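Novice: Dropping in model-v4.txt, which is compact mmCIF, C-alpha atoms and all ligand atoms:
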```txt
# COMPACT_ATOMS: atom_id res chain seq x y z
CA MET A 1 14.57 -23.56 -8.69
CA LYS A 2 13.61 -19.92 -8.29
CA ILE A 3 16.09 -17.26 -7.25
CA ILE A 4 14.83 -14.27 -5.30
CA ALA A 5 16.84 -11.17 -4.38
CA ILE A 6 15.65 -9.35 -1.26
CA ALA A 7 16.61 -5.77 -1.84
CA ASN A 8 16.01 -2.12 -1.03
CA PHE A 9 18.53 0.77 -0.93
CA LYS A 10 17.09 1.88 2.36
CA GLY A 11 18.80 0.33 5.38
CA GLY A 12 17.04 -1.32 8.29
CA VAL A 13 13.75 -2.03 6.52
CA GLY A 14 13.68 -5.75 7.32
CA LYS A 15 15.51 -7.31 4.35
CA THR A 16 17.56 -9.69 6.46
CA THR A 17 14.67 -10.47 8.84
CA THR A 18 12.49 -11.29 5.84
CA ALA A 19 15.15 -13.45 4.16
CA ILE A 20 15.65 -15.56 7.30
CA ASN A 21 12.04 -15.94 8.37
CA LEU A 22 10.55 -16.46 4.92
CA ALA A 23 13.20 -19.12 4.31
CA ALA A 24 12.33 -20.74 7.66
CA GLY A 25 8.60 -20.56 6.83
CA LEU A 26 9.24 -22.30 3.52
CA LYS A 27 11.35 -24.95 5.20
CA ASN A 28 8.43 -25.64 7.56
CA LYS A 29 6.36 -26.27 4.43
CA GLY A 30 8.85 -28.89 3.24
CA LYS A 31 10.65 -26.68 0.71
CA LYS A 32 14.41 -26.80 0.16
CA VAL A 33 15.82 -23.31 0.57
CA LEU A 34 19.28 -21.77 0.33
CA LEU A 35 20.12 -18.39 1.87
CA ILE A 36 23.02 -16.40 0.42
CA ASP A 37 24.41 -13.47 2.41
CA ILE A 38 25.98 -10.92 0.07
CA ASP A 39 26.00 -8.03 2.54
CA PRO A 40 29.45 -7.15 3.94
CA GLN A 41 27.69 -6.28 7.22
CA ALA A 42 27.08 -10.07 7.40
CA ASN A 43 23.88 -9.54 9.40
CA LEU A 44 22.19 -12.64 8.05
CA THR A 45 25.21 -14.75 8.93
CA GLN A 46 25.38 -13.29 12.45
CA SER A 47 21.61 -13.42 12.96
CA LEU A 48 21.75 -17.17 12.43
CA GLY A 49 24.54 -17.49 14.96
CA ILE A 50 27.11 -18.56 12.36
CA GLU A 51 30.52 -17.72 13.76
CA GLU A 52 32.98 -20.19 12.37
CA PHE A 53 33.43 -21.04 8.73
CA LYS A 54 36.35 -21.81 6.47
CA HIS A 55 34.98 -20.34 3.27
CA ASP A 56 32.39 -17.67 2.67
CA ILE A 57 30.73 -15.97 -0.27
CA TYR A 58 33.74 -13.70 -0.64
CA SER A 59 36.28 -16.50 -1.11
CA VAL A 60 34.04 -18.23 -3.65
CA VAL A 61 33.25 -15.02 -5.60
CA ARG A 62 36.93 -14.16 -5.63
CA LYS A 63 37.95 -17.54 -7.04
CA GLU A 64 35.22 -17.40 -9.67
CA ALA A 65 36.30 -13.88 -10.67
CA MET A 66 39.92 -15.07 -11.07
CA GLY A 67 38.82 -17.98 -13.22
CA GLU A 68 39.74 -20.58 -10.58
CA GLU A 69 37.84 -23.83 -10.07
CA THR A 70 35.22 -23.34 -7.34
CA ASN A 71 31.57 -23.80 -6.44
CA LEU A 72 29.14 -22.34 -3.93
CA SER A 73 28.81 -25.52 -1.90
CA GLU A 74 32.41 -25.05 -0.72
CA ALA A 75 31.05 -22.37 1.59
CA LEU A 76 27.79 -24.09 2.60
CA VAL A 77 26.96 -24.19 6.32
CA LYS A 78 23.83 -25.26 8.22
CA ALA A 79 22.30 -23.09 10.90
CA SER A 80 18.92 -23.44 12.66
CA GLY A 81 18.09 -26.08 10.05
CA LEU A 82 18.72 -23.69 7.15
CA ASP A 83 21.32 -23.93 4.38
CA VAL A 84 23.40 -20.77 4.31
CA ILE A 85 26.30 -19.32 2.32
CA PRO A 86 27.76 -16.94 4.91
CA ALA A 87 29.44 -13.58 4.45
CA SER A 88 32.10 -11.72 6.41
CA LEU A 89 33.46 -8.20 6.48
CA ASP A 90 36.01 -9.31 3.84
CA LEU A 91 33.20 -9.00 1.33
CA ALA A 92 33.59 -5.22 1.47
CA SER A 93 36.73 -5.59 -0.70
CA ALA A 94 34.74 -7.39 -3.38
CA GLU A 95 33.07 -4.16 -4.51
CA LEU A 96 36.46 -2.72 -5.50
CA GLU A 97 38.06 -5.92 -6.69
CA LEU A 98 35.22 -6.77 -9.03
CA ALA A 99 35.42 -3.36 -10.68
CA SER A 100 38.24 -4.51 -12.98
CA VAL A 101 36.91 -8.02 -13.70
CA TYR A 102 35.52 -8.86 -17.13
CA GLY A 103 31.88 -9.99 -16.85
CA ARG A 104 31.77 -8.72 -13.27
CA GLU A 105 27.96 -8.48 -13.15
CA HIS A 106 27.58 -12.20 -13.81
CA ILE A 107 29.84 -13.80 -11.18
CA LEU A 108 27.06 -14.73 -8.73
CA SER A 109 24.82 -15.90 -11.53
CA GLN A 110 27.58 -18.24 -12.76
CA LEU A 111 28.01 -19.59 -9.25
CA ILE A 112 24.29 -20.22 -8.71
CA GLY A 113 23.84 -21.77 -12.17
CA PRO A 114 25.16 -25.28 -11.35
CA LEU A 115 23.23 -25.52 -8.02
CA THR A 116 20.64 -28.27 -7.82
CA GLY A 117 18.28 -29.61 -5.18
CA TYR A 118 16.78 -26.31 -4.01
CA ASP A 119 13.27 -25.00 -4.56
CA PHE A 120 14.22 -21.45 -3.65
CA VAL A 121 17.41 -19.43 -3.29
CA PHE A 122 17.18 -16.13 -1.40
CA ILE A 123 19.90 -13.51 -1.71
CA ASP A 124 20.06 -10.97 1.14
CA CYS A 125 21.38 -7.74 -0.43
CA PRO A 126 23.20 -4.81 1.17
CA PRO A 127 21.33 -1.47 1.33
CA SER A 128 23.13 0.02 -1.68
CA MET A 129 23.44 -0.34 -5.42
CA GLY A 130 27.03 -1.59 -5.71
CA MET A 131 28.48 -4.45 -7.69
CA LEU A 132 27.22 -6.99 -5.11
CA THR A 133 23.58 -5.91 -5.41
CA ILE A 134 23.91 -5.77 -9.20
CA ASN A 135 25.26 -9.34 -9.14
CA ALA A 136 22.27 -10.44 -7.05
CA LEU A 137 19.76 -8.76 -9.36
CA VAL A 138 21.40 -10.21 -12.46
CA ALA A 139 21.30 -13.70 -10.90
CA SER A 140 17.63 -13.50 -9.84
CA ASP A 141 14.26 -14.46 -11.27
CA TYR A 142 12.41 -12.20 -8.83
CA ILE A 143 12.96 -9.24 -6.58
CA LEU A 144 11.20 -8.89 -3.26
CA ILE A 145 11.25 -5.44 -1.65
CA PRO A 146 10.66 -5.13 2.09
CA LEU A 147 9.59 -1.64 3.00
CA GLN A 148 8.61 0.31 6.09
CA ALA A 149 5.38 2.28 5.70
CA GLU A 150 7.05 5.64 6.17
CA PHE A 151 7.97 8.50 3.92
CA LEU A 152 11.73 7.99 3.49
CA PRO A 153 11.57 4.23 2.98
CA LEU A 154 8.92 4.82 0.32
CA LYS A 155 11.33 7.19 -1.44
CA GLY A 156 14.01 4.50 -1.17
CA ALA A 157 11.71 1.96 -2.84
CA ARG A 158 10.89 4.38 -5.67
CA SER A 159 14.57 5.02 -6.29
CA PHE A 160 15.20 1.28 -6.24
CA LEU A 161 12.53 0.69 -8.86
CA LYS A 162 14.14 3.26 -11.16
CA HIS A 163 17.40 1.33 -11.01
CA PHE A 164 15.48 -1.90 -11.45
CA LYS A 165 14.54 -0.76 -14.97
CA LEU A 166 18.26 -0.49 -15.75
CA ILE A 167 18.89 -3.94 -14.30
CA GLN A 168 16.24 -5.35 -16.61
CA LYS A 169 18.55 -4.42 -19.47
CA LEU A 170 21.18 -6.77 -18.03
CA ASN A 171 18.67 -9.45 -17.00
CA LYS A 172 15.53 -9.44 -19.13
CA ASN A 173 13.92 -12.23 -17.10
CA VAL A 174 13.94 -10.56 -13.70
CA LYS A 175 10.49 -9.63 -12.38
CA LEU A 176 9.25 -7.67 -9.40
CA LEU A 177 7.64 -10.21 -7.09
CA GLY A 178 6.28 -7.53 -4.84
CA LEU A 179 6.62 -5.11 -1.96
CA VAL A 180 6.11 -6.25 1.63
CA LEU A 181 5.31 -3.79 4.39
CA THR A 182 7.42 -4.48 7.47
CA LYS A 183 7.48 -3.09 11.02
CA TYR A 184 3.87 -2.22 10.36
CA ASP A 185 1.75 -0.54 13.03
CA GLU A 186 -1.91 -0.10 12.09
CA ARG A 187 -2.28 2.50 14.89
CA LYS A 188 0.11 4.87 13.13
CA LYS A 189 -1.65 7.19 10.72
CA MET A 190 1.47 7.48 8.55
CA ASN A 191 1.62 3.68 8.22
CA ARG A 192 -2.03 3.46 7.11
CA GLN A 193 -1.55 6.35 4.70
CA ILE A 194 1.55 4.90 3.03
CA LYS A 195 -0.18 1.54 2.72
CA LYS A 196 -2.99 3.22 0.76
CA GLU A 197 -0.53 5.19 -1.37
CA LEU A 198 1.34 2.02 -2.28
CA ALA A 199 -1.78 0.39 -3.65
CA VAL A 200 -2.39 3.44 -5.86
CA GLU A 201 1.20 3.92 -6.96
CA PHE A 202 2.00 0.30 -7.72
CA LEU A 203 -0.30 -2.30 -9.17
CA PRO A 204 -2.28 -3.70 -6.22
CA GLU A 205 -1.06 -7.21 -7.04
CA LYS A 206 2.50 -5.97 -6.52
CA VAL A 207 1.85 -5.24 -2.84
CA PHE A 208 1.67 -8.28 -0.57
CA ALA A 209 -1.59 -8.45 1.38
CA THR A 210 0.38 -9.73 4.37
CA GLN A 211 2.02 -7.05 6.49
CA ILE A 212 4.75 -7.84 8.99
CA ARG A 213 3.76 -6.12 12.22
CA VAL A 214 6.25 -4.54 14.58
CA ASN A 215 7.21 -7.36 16.89
CA ILE A 216 10.10 -7.32 19.31
CA ALA A 217 10.33 -11.14 19.19
CA LEU A 218 11.70 -10.80 15.63
CA ALA A 219 14.60 -8.72 16.91
CA THR A 220 15.15 -11.04 19.88
CA ALA A 221 15.24 -14.09 17.60
CA GLN A 222 18.08 -12.43 15.64
CA GLU A 223 19.96 -11.65 18.84
CA ARG A 224 19.61 -15.28 19.86
CA GLY A 225 20.92 -16.43 16.47
CA THR A 226 17.84 -18.17 15.17
CA HIS A 227 14.58 -17.70 13.24
CA ILE A 228 11.23 -16.72 14.70
CA PHE A 229 9.60 -20.19 14.47
CA ASP A 230 12.40 -21.56 16.61
CA HIS A 231 12.49 -18.63 19.05
CA ASN A 232 8.77 -17.96 19.57
CA PRO A 233 6.34 -19.81 17.30
CA HIS A 234 3.33 -18.09 18.93
CA SER A 235 4.51 -14.51 18.40
CA ASN A 236 2.91 -12.09 15.95
CA GLY A 237 6.18 -12.25 14.03
CA ALA A 238 5.80 -16.01 13.52
CA VAL A 239 2.13 -15.63 12.52
CA ASP A 240 2.96 -12.88 10.03
CA TYR A 241 5.91 -14.68 8.46
CA ALA A 242 3.83 -17.88 8.19
CA ASP A 243 1.15 -15.85 6.37
CA LEU A 244 3.79 -14.28 4.14
CA THR A 245 5.09 -17.78 3.34
CA ASP A 246 1.60 -18.89 2.22
CA GLU A 247 1.13 -15.78 0.12
CA PHE A 248 4.61 -16.18 -1.36
CA LEU A 249 3.83 -19.76 -2.41
CA GLU A 250 0.53 -18.67 -3.97
CA ARG A 251 2.37 -16.03 -5.96
CA MET A 252 5.01 -18.50 -7.10
CA ASN A 253 2.44 -21.15 -8.16
CA PRO A 254 -0.79 -19.34 -9.00
N1 LIG A 301 8.76 -6.51 12.18
C1 LIG A 301 9.75 -6.11 12.99
N2 LIG A 301 9.47 -5.71 14.25
C2 LIG A 301 10.46 -5.28 15.08
N3 LIG A 301 11.75 -5.23 14.76
C3 LIG A 301 12.10 -5.63 13.50
C4 LIG A 301 11.12 -6.08 12.56
N4 LIG A 301 11.77 -6.40 11.41
C5 LIG A 301 13.07 -6.14 11.62
N5 LIG A 301 13.28 -5.69 12.87
C6 LIG A 301 14.56 -5.27 13.47
O1 LIG A 301 14.99 -4.09 12.79
C7 LIG A 301 16.40 -4.12 12.58
C8 LIG A 301 16.67 -4.03 11.07
O2 LIG A 301 16.12 -5.19 10.43
P1 LIG A 301 16.93 -5.94 9.30
O3 LIG A 301 18.33 -6.19 9.73
O4 LIG A 301 16.12 -7.11 8.88
O5 LIG A 301 16.91 -4.83 8.17
P2 LIG A 301 17.76 -4.75 6.84
O6 LIG A 301 16.90 -4.09 5.81
O7 LIG A 301 18.31 -6.07 6.49
O8 LIG A 301 18.94 -3.78 7.27
P3 LIG A 301 20.28 -3.44 6.41
O9 LIG A 301 19.84 -2.52 5.34
O10 LIG A 301 21.20 -2.81 7.40
O11 LIG A 301 20.78 -4.74 5.86
C9 LIG A 301 16.90 -5.41 13.20
O12 LIG A 301 17.35 -5.13 14.49
C10 LIG A 301 15.66 -6.29 13.25
O13 LIG A 301 15.70 -7.22 14.31
MG MG A 302 20.27 -6.66 6.13
```
Mind turning this structure into structure tokens?
Ligand SMILES: Nc1ncnc2c1ncn2[C@@H]1O[C@H](COP(=O)(O)OP(=O)(O)OP(=O)(O)O)[C@@H](O)[C@H]1O
Ligand SMILES: [Mg+2]
Specialist:
Amino acid sequence: MKIIAIANFKGGVGKTTTAINLAAGLKNKGKKVLLIDIDPQANLTQSLGIEEFKHDIYSVVRKEAMGEETNLSEALVKASGLDVIPASLDLASAELELASVYGREHILSQLIGPLTGYDFVFIDCPPSMGMLTINALVASDYILIPLQAEFLPLKGARSFLKHFKLIQKLNKNVKLLGLVLTKYDERKKMNRQIKKELAVEFLPEKVFATQIRVNIALATAQERGTHIFDHNPHSNGAVDYADLTDEFLERMNP
């Protein structure tokens, strides 16, 4: 089982879209995948149309932090054929509550530890470096960074990578899986330029060859509460996320 955090401090760069559609792509390839929403905005949960649940990541994290008996599967729900641990706005309190807990960086890692039966676990992070993101990075084997090919998102990714070095002190095993360009438009000069810069600035093997093109169907799928393969399997979004899935699997099993 490999655990992958999908993270970037910059908001709106396609973290949640990538978590959902890469997970769906992997499921189409027969892989068992779990999605964990640790963003208090709960976009992943909402984008999969999950509205009713008894427990969520917050209730489980809270119990674990208080030393109570619990496990992640208490909060497991199925949506569009995917296994999901949902989040709700309540999760916003976790940032503060965890601040005074001993071993607070390791709560999520302890919860994921006993899980079995999955090939991949994806953690959809909020766009900030709080205790929730730190928990995700400490629990993960890899970090995947979605990124728009524009100036400010690139700055966001650089700043993220600086913090990543600090995280490696807490979790020596975590590796950068790579950067994925999202909302990519080859016609935009800035997009082409940033793509070139990325290959120079980072090792070329750290930038995914697959780019996710701008595609309105990806946004519509989220509105409809499902993934792109369900909503429109012939869209550019579906083609790109299927390509990303293949490249992801190659990178995981070279
Ligand atoms: N390739 C794409 N083409 C068009 N729209 C996209 C694409 N990828 C994502 N979007 C849309 O952009 C918006 C932001 O995407 P998403 O929620 O995945 O970003 P995020 O990084 O998770 O944001 P946040 O930081 O707020 O969690 C959403 O409305 C989504 O539907
Ligand atoms: Mg998101």
Novice: Using only C-alpha atoms and all ligand atoms, which of A:Asp243, A:Glu52, A:Asp90, A:Asp39 sits nearest ligand LIG 301 (chain A)?
Specialist: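 Checking each of A:Asp243, A:Glu52, A:Asp90, A:Asp39 against ligand LIG 301 (chain A), counting only C-alpha atoms and all ligand atoms, the winner is A:Asp39.
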Novice: Which residues are near ligand MG 302 (chain A) in this structure, taking near to mean any atom at most 6 Å from a ligand atom and counting only C-alpha atoms and all ligand atoms? Format them as number ranges by chain.
Specialist: A: 15-16, 43
Novice: Which is closest to A:Glu97 among A:Ile228, A:Leu132, A:Val84, A:Asp124, if we use all atoms listed in the file?
Specialist: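 Closest candidate: A:Leu132.
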Novice: Interatomic distance between atom CA of A:His163 and atom CA of A:Lys189?
Specialist: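 That distance, rounded to one decimal, is 29.5 Å.
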Novice: I need the residue nearest ligand LIG 301 (chain A) from this list: A:Met129, A:Ile212, A:Ile167, A:Leu137. Use all atoms listed in the file for the distance.
Specialist: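 When distances to ligand LIG 301 (chain A) are compared using all atoms listed in the file, the smallest one comes from A:Ile212.
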Novice: Please report the interatomic distance between atom CA of A:Ala221 and atom O1 of ligand LIG 301 (chain A) in Å with one decimal.
Specialist: 11.1 Å
Novice: Hey, can you check how far atom CA of A:Val77 sits from atom CA of A:Glu105?
Specialist: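 Atom CA of A:Val77 sits 25.0 Å away from atom CA of A:Glu105.
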Novice: Write out as JSON lines a residue-level contact list of chain A versus ligand LIG 301 (chain A) with cut-off 10 Å: for each qualifying residue the closest pair of atoms and the distance in Å to one decimal, counting only C-alpha atoms and all ligand atoms, rows sorted by chain and residue number upward.
Specialist:
```
{"residue": "A:Ile6", "atom": "CA", "partner": "A:LIG301", "partner_atom": "O7", "distance": 8.8}
{"residue": "A:Ala7", "atom": "CA", "partner": "A:LIG301", "partner_atom": "O6", "distance": 7.8}
{"residue": "A:Asn8", "atom": "CA", "partner": "A:LIG301", "partner_atom": "O6", "distance": 7.2}
{"residue": "A:Phe9", "atom": "CA", "partner": "A:LIG301", "partner_atom": "O9", "distance": 7.2}
{"residue": "A:Lys10", "atom": "CA", "partner": "A:LIG301", "partner_atom": "O9", "distance": 6.0}
{"residue": "A:Gly11", "atom": "CA", "partner": "A:LIG301", "partner_atom": "O9", "distance": 3.0}
{"residue": "A:Gly12", "atom": "CA", "partner": "A:LIG301", "partner_atom": "O8", "distance": 3.3}
{"residue": "A:Val13", "atom": "CA", "partner": "A:LIG301", "partner_atom": "O6", "distance": 3.8}
{"residue": "A:Gly14", "atom": "CA", "partner": "A:LIG301", "partner_atom": "O4", "distance": 3.2}
{"residue": "A:Lys15", "atom": "CA", "partner": "A:LIG301", "partner_atom": "O7", "distance": 3.7}
{"residue": "A:Thr16", "atom": "CA", "partner": "A:LIG301", "partner_atom": "O7", "distance": 3.7}
{"residue": "A:Thr17", "atom": "CA", "partner": "A:LIG301", "partner_atom": "O4", "distance": 3.7}
{"residue": "A:Thr18", "atom": "CA", "partner": "A:LIG301", "partner_atom": "O4", "distance": 6.3}
{"residue": "A:Ala19", "atom": "CA", "partner": "A:LIG301", "partner_atom": "O4", "distance": 8.0}
{"residue": "A:Ile20", "atom": "CA", "partner": "A:LIG301", "partner_atom": "O4", "distance": 8.6}
{"residue": "A:Asn21", "atom": "CA", "partner": "A:LIG301", "partner_atom": "O4", "distance": 9.7}
{"residue": "A:Ile38", "atom": "CA", "partner": "A:LIG301", "partner_atom": "O11", "distance": 9.9}
{"residue": "A:Asp39", "atom": "CA", "partner": "A:LIG301", "partner_atom": "O11", "distance": 7.0}
{"residue": "A:Pro40", "atom": "CA", "partner": "A:LIG301", "partner_atom": "O11", "distance": 9.2}
{"residue": "A:Gln41", "atom": "CA", "partner": "A:LIG301", "partner_atom": "O11", "distance": 7.2}
{"residue": "A:Ala42", "atom": "CA", "partner": "A:LIG301", "partner_atom": "O11", "distance": 8.4}
{"residue": "A:Asn43", "atom": "CA", "partner": "A:LIG301", "partner_atom": "O3", "distance": 6.5}
{"residue": "A:Leu44", "atom": "CA", "partner": "A:LIG301", "partner_atom": "O3", "distance": 7.7}
{"residue": "A:Ser47", "atom": "CA", "partner": "A:LIG301", "partner_atom": "O3", "distance": 8.6}
{"residue": "A:Asp124", "atom": "CA", "partner": "A:LIG301", "partner_atom": "O7", "distance": 7.5}
{"residue": "A:Cys125", "atom": "CA", "partner": "A:LIG301", "partner_atom": "O11", "distance": 7.0}
{"residue": "A:Pro126", "atom": "CA", "partner": "A:LIG301", "partner_atom": "O11", "distance": 5.3}
{"residue": "A:Pro127", "atom": "CA", "partner": "A:LIG301", "partner_atom": "O9", "distance": 4.4}
{"residue": "A:Ser128", "atom": "CA", "partner": "A:LIG301", "partner_atom": "O9", "distance": 8.2}
{"residue": "A:Ile145", "atom": "CA", "partner": "A:LIG301", "partner_atom": "O6", "distance": 9.5}
{"residue": "A:Pro146", "atom": "CA", "partner": "A:LIG301", "partner_atom": "O6", "distance": 7.3}
{"residue": "A:Leu147", "atom": "CA", "partner": "A:LIG301", "partner_atom": "O6", "distance": 8.2}
{"residue": "A:Gln148", "atom": "CA", "partner": "A:LIG301", "partner_atom": "N4", "distance": 9.1}
{"residue": "A:Leu181", "atom": "CA", "partner": "A:LIG301", "partner_atom": "N1", "distance": 8.9}
{"residue": "A:Thr182", "atom": "CA", "partner": "A:LIG301", "partner_atom": "N1", "distance": 5.3}
{"residue": "A:Lys183", "atom": "CA", "partner": "A:LIG301", "partner_atom": "N1", "distance": 3.8}
{"residue": "A:Tyr184", "atom": "CA", "partner": "A:LIG301", "partner_atom": "N1", "distance": 6.8}
{"residue": "A:Asp185", "atom": "CA", "partner": "A:LIG301", "partner_atom": "N1", "distance": 9.2}
{"residue": "A:Gln211", "atom": "CA", "partner": "A:LIG301", "partner_atom": "N1", "distance": 8.8}
{"residue": "A:Ile212", "atom": "CA", "partner": "A:LIG301", "partner_atom": "N1", "distance": 5.3}
{"residue": "A:Arg213", "atom": "CA", "partner": "A:LIG301", "partner_atom": "N1", "distance": 5.0}
{"residue": "A:Val214", "atom": "CA", "partner": "A:LIG301", "partner_atom": "N2", "distance": 3.4}
{"residue": "A:Asn215", "atom": "CA", "partner": "A:LIG301", "partner_atom": "N2", "distance": 3.8}
{"residue": "A:Ile216", "atom": "CA", "partner": "A:LIG301", "partner_atom": "C2", "distance": 4.7}
{"residue": "A:Ala217", "atom": "CA", "partner": "A:LIG301", "partner_atom": "C2", "distance": 7.2}
{"residue": "A:Leu218", "atom": "CA", "partner": "A:LIG301", "partner_atom": "O13", "distance": 5.5}
{"residue": "A:Ala219", "atom": "CA", "partner": "A:LIG301", "partner_atom": "O13", "distance": 3.2}
{"residue": "A:Thr220", "atom": "CA", "partner": "A:LIG301", "partner_atom": "O13", "distance": 6.8}
{"residue": "A:Ala221", "atom": "CA", "partner": "A:LIG301", "partner_atom": "O13", "distance": 7.6}
{"residue": "A:Gln222", "atom": "CA", "partner": "A:LIG301", "partner_atom": "O13", "distance": 5.9}
{"residue": "A:Glu223", "atom": "CA", "partner": "A:LIG301", "partner_atom": "O13", "distance": 7.6}
{"residue": "A:Asn236", "atom": "CA", "partner": "A:LIG301", "partner_atom": "N1", "distance": 8.9}
{"residue": "A:Gly237", "atom": "CA", "partner": "A:LIG301", "partner_atom": "N1", "distance": 6.6}
{"residue": "A:Asp240", "atom": "CA", "partner": "A:LIG301", "partner_atom": "N1", "distance": 8.9}
{"residue": "A:Tyr241", "atom": "CA", "partner": "A:LIG301", "partner_atom": "N1", "distance": 9.4}
```
Novice: Store the residues of this selection in a file with C-alpha atoms, as a CSV table (one decimal), keeping the file's coordinate frame.
Specialist:
```csv
chain,number,residue,atom,x,y,z
A,6,ILE,CA,15.6,-9.4,-1.3
A,7,ALA,CA,16.6,-5.8,-1.8
A,8,ASN,CA,16.0,-2.1,-1.0
A,9,PHE,CA,18.5,0.8,-0.9
A,10,LYS,CA,17.1,1.9,2.4
A,11,GLY,CA,18.8,0.3,5.4
A,12,GLY,CA,17.0,-1.3,8.3
A,13,VAL,CA,13.8,-2.0,6.5
A,14,GLY,CA,13.7,-5.8,7.3
A,15,LYS,CA,15.5,-7.3,4.4
A,16,THR,CA,17.6,-9.7,6.5
A,17,THR,CA,14.7,-10.5,8.8
A,18,THR,CA,12.5,-11.3,5.8
A,19,ALA,CA,15.2,-13.4,4.2
A,20,ILE,CA,15.6,-15.6,7.3
A,21,ASN,CA,12.0,-15.9,8.4
A,38,ILE,CA,26.0,-10.9,0.1
A,39,ASP,CA,26.0,-8.0,2.5
A,40,PRO,CA,29.4,-7.2,3.9
A,41,GLN,CA,27.7,-6.3,7.2
A,42,ALA,CA,27.1,-10.1,7.4
A,43,ASN,CA,23.9,-9.5,9.4
A,44,LEU,CA,22.2,-12.6,8.0
A,47,SER,CA,21.6,-13.4,13.0
A,124,ASP,CA,20.1,-11.0,1.1
A,125,CYS,CA,21.4,-7.7,-0.4
A,126,PRO,CA,23.2,-4.8,1.2
A,127,PRO,CA,21.3,-1.5,1.3
A,128,SER,CA,23.1,0.0,-1.7
A,145,ILE,CA,11.2,-5.4,-1.6
A,146,PRO,CA,10.7,-5.1,2.1
A,147,LEU,CA,9.6,-1.6,3.0
A,148,GLN,CA,8.6,0.3,6.1
A,181,LEU,CA,5.3,-3.8,4.4
A,182,THR,CA,7.4,-4.5,7.5
A,183,LYS,CA,7.5,-3.1,11.0
A,184,TYR,CA,3.9,-2.2,10.4
A,185,ASP,CA,1.8,-0.5,13.0
A,211,GLN,CA,2.0,-7.0,6.5
A,212,ILE,CA,4.8,-7.8,9.0
A,213,ARG,CA,3.8,-6.1,12.2
A,214,VAL,CA,6.2,-4.5,14.6
A,215,ASN,CA,7.2,-7.4,16.9
A,216,ILE,CA,10.1,-7.3,19.3
A,217,ALA,CA,10.3,-11.1,19.2
A,218,LEU,CA,11.7,-10.8,15.6
A,219,ALA,CA,14.6,-8.7,16.9
A,220,THR,CA,15.2,-11.0,19.9
A,221,ALA,CA,15.2,-14.1,17.6
A,222,GLN,CA,18.1,-12.4,15.6
A,223,GLU,CA,20.0,-11.6,18.8
A,236,ASN,CA,2.9,-12.1,16.0
A,237,GLY,CA,6.2,-12.2,14.0
A,240,ASP,CA,3.0,-12.9,10.0
A,241,TYR,CA,5.9,-14.7,8.5
```
Novice: Nearest residue to A:Pro114 out of A:Val174, A:Leu82, A:Leu72, A:Ile3, using only C-alpha atoms?
Specialist: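 For A:Pro114, the nearest of the candidates is A:Leu72.
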Novice: Out of A:Arg187, A:Ala209, A:Gln193, A:Tyr142, which residue has the shortest atom-to-atom distance to A:Gln168 when counting all atoms listed in the file?
Specialist: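 The answer is A:Tyr142, which sits nearest to A:Gln168.
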Novice: Could you give me, as a PyMOL selection string, the residues that have an atom at most 6 Å away from the point (14.9, -20.3, -2.0) in the coordinates of the file, using all atoms listed in the file?
Specialist: chain A and resi 33-34+119-122
Novice: I'd like the neighbourhood of A:Leu166 as number ranges by chain, where a residue qualifies if any of its atoms comes within 12 Å (using all atoms listed in the file), though same-chain residues fewer than 4 positions away should be ignored.
Specialist: A: 129, 134, 137-138, 159-162, 170-172, 174
Novice: Between A:Ser59, A:Gln110, A:Ala65, A:Phe208, which one has atoms that come closest to A:Ala87, using all atoms listed in the file?
Specialist: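 Checking each of A:Ser59, A:Gln110, A:Ala65, A:Phe208 against A:Ala87, counting all atoms listed in the file, the winner is A:Ser59.
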Novice: Hey, could you pull the box centre and edge lengths for stretch 155-167 of chain A, axis-aligned, 5 Å padding per side, all listed atoms, to one decimal in Å, as JSON?
Specialist:
```
{"center_x": 14.9, "center_y": 1.6, "center_z": -8.5, "size_x": 18.0, "size_y": 21.1, "size_z": 24.6}
```
Novice: Anything within 9 Å of (33.4, -22.6, 8.2): list those residues as an MDAnalysis selection string, counting only C-alpha atoms and sticking to the file's coordinates.
Specialist: chainID A and resid 50:56 75:77 86
